[in-house]
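Colleague: Next up is a structure, given as structure tokens.
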Amino acid sequence: MSARWGLARLAFAAALLAVTVLSLLPPRHLPQVAVDVWDKAQHALAYAGLALLAWAGWPRAPWAVVAAALLAHGAAVELAQ
């Protein structure tokens with residue numbers, strides 16, 4: 001494993017934790033942003049960022065596996081909400 005992959009995997013883990021925590025916080029505890037971005041666009045950007053970090057950390061992993069894992073995470077977060 002190269003150092004770059006290790007750093008990308010660490011960044012992925014941190015981002016996954018951040019997305020999970022922010023997704024599960026009640027809306028009143030979330031930071032208020034000056035620009036009101038549509039909720040679905042925020043989710044799309046978060047999961048696109050996670051996909052890019054996963055690709056950087058596991059470049060040989062099939063995209064279908066990465067997509068299935070992120071889809072499962074998203075579904076689990078929705079159920080937990």
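For the structure tokens, the naming scheme is as follows: chains receive sequential letters (A, B, ...) according to their order of presentation, residues are indexed from 1 within each chain, and ligands are indexed from 1 in presentation order.
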Would you list, as a ChimeraX atom specification, the residues of chain A that end up in helix (DSSP H, G or I) under DSSP run on this structure's backbone?

Modeller: /A:3-24,27-29,39-57,63-80

Colleague: I need the chosen residues saved as a compact mmCIF listing (two decimals), in the first residue's frame, with C-alpha atoms.

Modeller:
```
# COMPACT_ATOMS: atom_id res chain seq x y z
CA ALA A 3 1.42 6.32 1.38
CA ARG A 4 -0.98 8.14 -0.95
CA TRP A 5 -3.54 5.34 -0.64
CA GLY A 6 -3.18 5.38 3.12
CA LEU A 7 -3.79 9.12 3.26
CA ALA A 8 -6.79 8.83 0.94
CA ARG A 9 -8.21 6.03 3.08
CA LEU A 10 -7.79 8.14 6.21
CA ALA A 11 -9.50 11.08 4.47
CA PHE A 12 -12.31 8.75 3.35
CA ALA A 13 -12.83 7.49 6.91
CA ALA A 14 -12.91 11.05 8.28
CA ALA A 15 -15.32 12.19 5.56
CA LEU A 16 -17.56 9.16 6.06
CA LEU A 17 -17.71 9.88 9.78
CA ALA A 18 -18.49 13.56 9.14
CA VAL A 19 -21.24 12.76 6.61
CA THR A 20 -22.76 10.21 8.97
CA VAL A 21 -22.74 12.50 12.01
CA LEU A 22 -24.05 15.52 10.08
CA SER A 23 -26.77 13.39 8.50
CA LEU A 24 -27.96 12.13 11.89
CA PRO A 27 -31.56 20.15 11.94
CA ARG A 28 -31.40 22.66 14.80
CA HIS A 29 -27.86 21.44 15.65
CA ASP A 39 -30.91 19.27 0.51
CA LYS A 40 -30.59 16.73 -2.30
CA ALA A 41 -27.69 18.67 -3.84
CA GLN A 42 -25.89 18.58 -0.50
CA HIS A 43 -26.31 14.82 -0.32
CA ALA A 44 -25.18 14.38 -3.91
CA LEU A 45 -22.05 16.44 -3.28
CA ALA A 46 -21.28 14.58 -0.05
CA TYR A 47 -21.57 11.16 -1.67
CA ALA A 48 -19.70 12.25 -4.81
CA GLY A 49 -16.86 13.38 -2.53
CA LEU A 50 -16.96 10.05 -0.71
CA ALA A 51 -16.87 8.20 -4.04
CA LEU A 52 -13.82 10.20 -5.17
CA LEU A 53 -12.03 9.54 -1.89
CA ALA A 54 -12.89 5.83 -2.15
CA TRP A 55 -11.52 5.77 -5.69
CA ALA A 56 -8.30 7.45 -4.50
CA GLY A 57 -7.93 5.06 -1.55
CA TRP A 63 -16.90 0.86 -9.14
CA ALA A 64 -19.97 -1.32 -8.65
CA VAL A 65 -18.67 -2.39 -5.23
CA VAL A 66 -17.92 1.20 -4.20
CA ALA A 67 -21.33 2.37 -5.44
CA ALA A 68 -23.12 -0.49 -3.65
CA ALA A 69 -21.28 0.24 -0.40
CA LEU A 70 -22.09 3.96 -0.53
CA LEU A 71 -25.70 3.20 -1.46
CA ALA A 72 -25.97 0.85 1.51
CA HIS A 73 -24.50 3.53 3.79
CA GLY A 74 -26.96 6.11 2.48
CA ALA A 75 -29.88 3.71 3.02
CA ALA A 76 -28.69 2.94 6.56
CA VAL A 77 -28.47 6.65 7.37
CA GLU A 78 -31.98 7.21 5.99
CA LEU A 79 -33.31 4.37 8.17
CA ALA A 80 -31.50 5.76 11.21
```
